[in-house]
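Some notes on the structure that comes next.
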Amino acid sequence: MTTLLSASGVSRAFGGLQALSLCNLDVEKGSITGLIGPNGSGKTTLFNVITGYVKPDAGTVTFNGQNITNARPDAVFSLGVGRTFQLTRIFSRISVLENMLIATQHDESWLRGLLRSKSSKTEVDNAMELLDFVGIAKLADLQAGALSYGQRKLLELAYVLVADPDVILLDEPAGGVNLTLINGIAEKIRTLNKAGKTFLIVEHNMEFVMSLCDSVTVMHQGSNLVTGTPAEVRANPLVLDAYLGGGDDGEDDLREAVASA
Amino acid sequence: MLSKKNLWWVLAAAVFALFPLVVTNPLYTTIGVFTVIYMACATSWNMFSGYSGYIALGSAVFYGSGAYTMALLSIHLHMAAGSSQFWLVPVGGLVAMAFAAPIGWIALRVRRHTFVVITIAVFFIFQLAAINFGFTGGTSGLNLPFITWGFQNYNTPFYYVGLILVVFATLLSMAVRRSRFGLQLLAIRDDEDRALGLGVKVSAVKITGFTMSAFTVGMAGALYALFVGQIYPQFVFDPMFDVSIALMTFLGGLGTLTGPLLGALILEASQQYLTVTFSNGSLYLILFGALFLIVIIFMPQGIVVYLRDRVTKRVERERAAVAANDIASPDVALGGAR
């Protein structure tokens with residue numbers, strides 16, 4: 001296995017809040033890597049640093065051996081790193097199909113978009129195929145703002161796939177959706193992973209993470225705490241400390257109680 | 001064969017083309033000239049601000065630049081007064097674009113409200129410059145060479161050139177809306193950061209759109225200068241111009257093709273007509289206030305969007321399709337329950 005995406009020694013402060021401090025993360029090629037941790041542990045900030053939305057104060061991000069620290073979001077995307085957002089962000093006042101076509105322009109110059117009046121048939125066909133894959137092809141002509149929350153999640157996954165990225169960062173793909181759809185999304189991720197896509201997933205739904213991921217990294221107070229297989233992580237006492245707080249005598253009892261449960 | 005939609009366009013074009021042949025009273029053809037000028041400007045403004053959501057309130061900068069280009073070149077090139085001056089109209093547009101590119105480069109670094117404030121600030125810089133520079137004639141303005149066409153048909157050439165600008169602006173706006181470039185502008189309107197993360201080169205796209213939209217506005221300014229024959233800083237760098245074209249577009253439908261055309265037609269024509277008929281210059285302000293209240297309360301997206309949604313029953317259709325899809329594909333069933 002080779003490392004596809006790697007962050008090393010990444011730090012970032014927002015005013016007095018140290019959101020990331022010397023954080024390290026490696027994503028193996030072809031893996032589904034999970035990133036978990038309590039609220040405020042820096043998971044989304046790490047996503048933002050990797051995808052170029054936030055510039056780190058220190059540290060480097062490499063993708064495919066190439067240094068992408070401080071690269072702009074459009075450049076990072078063009079290299080092959082796609083992402084979704086915690087709160088789904090779709091383009092609500094254009095059609096579902098048009099949402100899909102936006103990502104097809106990443107590798108052509110902005111001037112060419114001005115001269116090309118229409119998207120090619122290949123681009124449209126590919127977009128429709130992906131919409132069909134996530135199950136919302138029938139809604140292609142609707143204004144995207146009309147979609148239900150679950151359909152928006154699916155659309156966001158689909159339009160990232162349009163550009164055929166090597167690695168896809170998903171920020172809480174199972175957040176706020178019902179169990180049936182969670183299983184549906186997990187199924188799509190498995191299918192794509194078998195086809196060679198690498199995933200990095202932030203998620204609070206433990207069942208989702210533990211059943212899906214090959215490797216899990218736990219974050220705590222801005223740095224990586226533990227990395228291992230789901231089973232290893234589950235058994236690690238440090239992880240429970242991170243989630244429940246630790247160090248206090250009284251809490252040790254609670255921790256044992258939780259661990260044995 | 002013409003589709004039903006194209007038939008409406010042809011019909012509207014015919015009505016506009018025949019207008020000065022049917023209505024020959026110079027009082028009304030003057031209204032016609034101002035109306036087509038504003039239709040062109042509103043359409044062009046909408047092509048950037050409507051599609052991208054960046055509400056620019058400094059377009060008078062381009063209108064004024066075009067007007068001063070026309071006046072200064074006519075005077076200093078010693079042009080014969082008459083139809084040859086119409087060749088300066090596109091030059092006015094190009095000068096406006098030359099100003100727009102650096103202004104856009106600065107103003108488009110910021111978003112939303114800050115952008116609006118910067119465009120207003122740039123506008124006042126240009127107005128002050130026109131008042132204070134020597135070559136602009138200061139507050140006494142500039143007089144263009146006097147055109148000695150007969151009173152009766154004086155307006156007609158201006159009307160048709162204005163109409164050409166409307167057709168040009170509309171075709172350009174249509175082309176942009178359908179192009180992949182236009183799609184990028186719409187994506188920026190809906191969620192700029194997300195568009196950036198999907199590989200859209202937002203800065204280049206925004207500056208290009210901003211500069212393109214200045215072209216027709218500059219041409220319209222040049223035509224205006226030629227039409228009225230004398231220009232003053234407070235009339236070509238006029239804050240009411242900025243507000244007017246924005247309000248016209250909002251009334252008709254921001255981000256639509258026909259919206260700015262309809263809005264400018266309704267507002268400019270009725271304003272001129274009321275001013276002429278009642279000779280009370282401020283009556284129209286009261287009527288406009290009432291009209292805008294009605295539009296904003298009952299059809300906040302503008303007349304065109306309101307009517308289109310009613311005719312096509314968009315909301316009902318969408319609800320049905322969304323619900324049907326949830327039932328049809330089991331793995332997304334109940335996706336809308338939350």
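So you can find residues: chains in the structure tokens are A, B, ... in the order shown, residues in each start at 1, and ligands are numbered from 1 in order.
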
Exercise. Taking only C-alpha atoms into account, which residues of chain A are within 7 Å of chain B, as number ranges by chain?
Worked result: A: 73-75, 77-78, 89, 91-93, 102-103, 105-106, 110, 113-114, 116-119, 135-136, 139, 142, 146-151, 177-178, 180-181, 184

Pull C-alpha atoms from the residues just selected and write them as an mmCIF file, in the first residue's frame.
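Result file is out_11.cif:
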```cif
data_model
loop_
_atom_site.group_PDB
_atom_site.id
_atom_site.type_symbol
_atom_site.label_atom_id
_atom_site.label_comp_id
_atom_site.auth_asym_id
_atom_site.auth_seq_id
_atom_site.Cartn_x
_atom_site.Cartn_y
_atom_site.Cartn_z
ATOM 1 C CA PRO A 73 -9.335 24.884 -3.721
ATOM 2 C CA ASP A 74 -9.840 24.788 -7.498
ATOM 3 C CA ALA A 75 -6.257 23.603 -8.020
ATOM 4 C CA PHE A 77 -9.788 19.704 -6.946
ATOM 5 C CA SER A 78 -8.200 19.610 -10.398
ATOM 6 C CA ARG A 89 -23.948 22.573 -0.392
ATOM 7 C CA PHE A 91 -26.365 25.030 -6.300
ATOM 8 C CA SER A 92 -30.022 25.463 -5.495
ATOM 9 C CA ARG A 93 -31.244 27.685 -8.316
ATOM 10 C CA ILE A 102 -20.099 22.447 -13.129
ATOM 11 C CA ALA A 103 -17.380 20.043 -12.088
ATOM 12 C CA GLN A 105 -14.965 22.418 -16.306
ATOM 13 C CA HIS A 106 -12.142 21.966 -13.826
ATOM 14 C CA TRP A 110 -11.995 29.769 -18.074
ATOM 15 C CA GLY A 113 -15.910 27.934 -21.107
ATOM 16 C CA LEU A 114 -16.782 31.261 -22.670
ATOM 17 C CA ARG A 116 -17.923 26.563 -25.666
ATOM 18 C CA SER A 117 -21.620 27.077 -25.787
ATOM 19 C CA LYS A 118 -22.677 23.599 -24.803
ATOM 20 C CA SER A 119 -21.435 20.732 -22.722
ATOM 21 C CA GLY A 135 -30.664 7.044 -7.957
ATOM 22 C CA ILE A 136 -31.842 10.552 -8.811
ATOM 23 C CA LEU A 139 -34.889 14.474 -11.209
ATOM 24 C CA LEU A 142 -35.614 19.911 -11.616
ATOM 25 C CA ALA A 146 -36.480 21.376 -4.755
ATOM 26 C CA LEU A 147 -34.640 18.206 -3.732
ATOM 27 C CA SER A 148 -35.193 16.621 -0.340
ATOM 28 C CA TYR A 149 -32.331 16.569 2.150
ATOM 29 C CA GLY A 150 -31.369 12.997 1.337
ATOM 30 C CA GLN A 151 -31.425 13.655 -2.396
ATOM 31 C CA VAL A 177 -30.294 11.112 7.145
ATOM 32 C CA ASN A 178 -32.426 8.100 7.926
ATOM 33 C CA THR A 180 -32.276 3.311 4.928
ATOM 34 C CA LEU A 181 -30.399 6.091 3.182
ATOM 35 C CA GLY A 184 -27.652 3.169 0.659
#
```

Problem set entry | Residues near Ala231 (chain A), cut-off 10 Å, only C-alpha atoms, skip fewer than 5 positions along chain, as a VMD selection string | chain A and resid 210 214 to 216 236

Exercise. How many Å lie between CA of Ser6 (chain A) and CA of Leu155 (chain A), rounded to one decimal?
Worked result: 27.3 Å

Exercise. Which polymer residues have any atom within 8 Å of an atom of Thr44 (chain A), counting only C-alpha atoms, with same-chain residues fewer than 3 positions away left out, as a ChimeraX atom specification?
Worked result: /A:47-48,171,202

For this session: Can you list, as a PyMOL selection string, all residues belonging to region 54-197 of chain A that DSSP tags as helix (DSSP H, G or I)?
Result: chain A and resi 73-79+96-105+110-115+121-134+137-139+144-146+149-161+179-194

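Coordinates place CA of Asp309 (chain B) at a distance of 25.0 Å from CA of Gly289 (chain B).
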
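Of the listed residues B:Ile37, B:Leu247, B:Leu274, B:Leu77, the one whose atoms come nearest to Ile296 (chain B) is B:Leu247, with distances taken using only C-alpha atoms.
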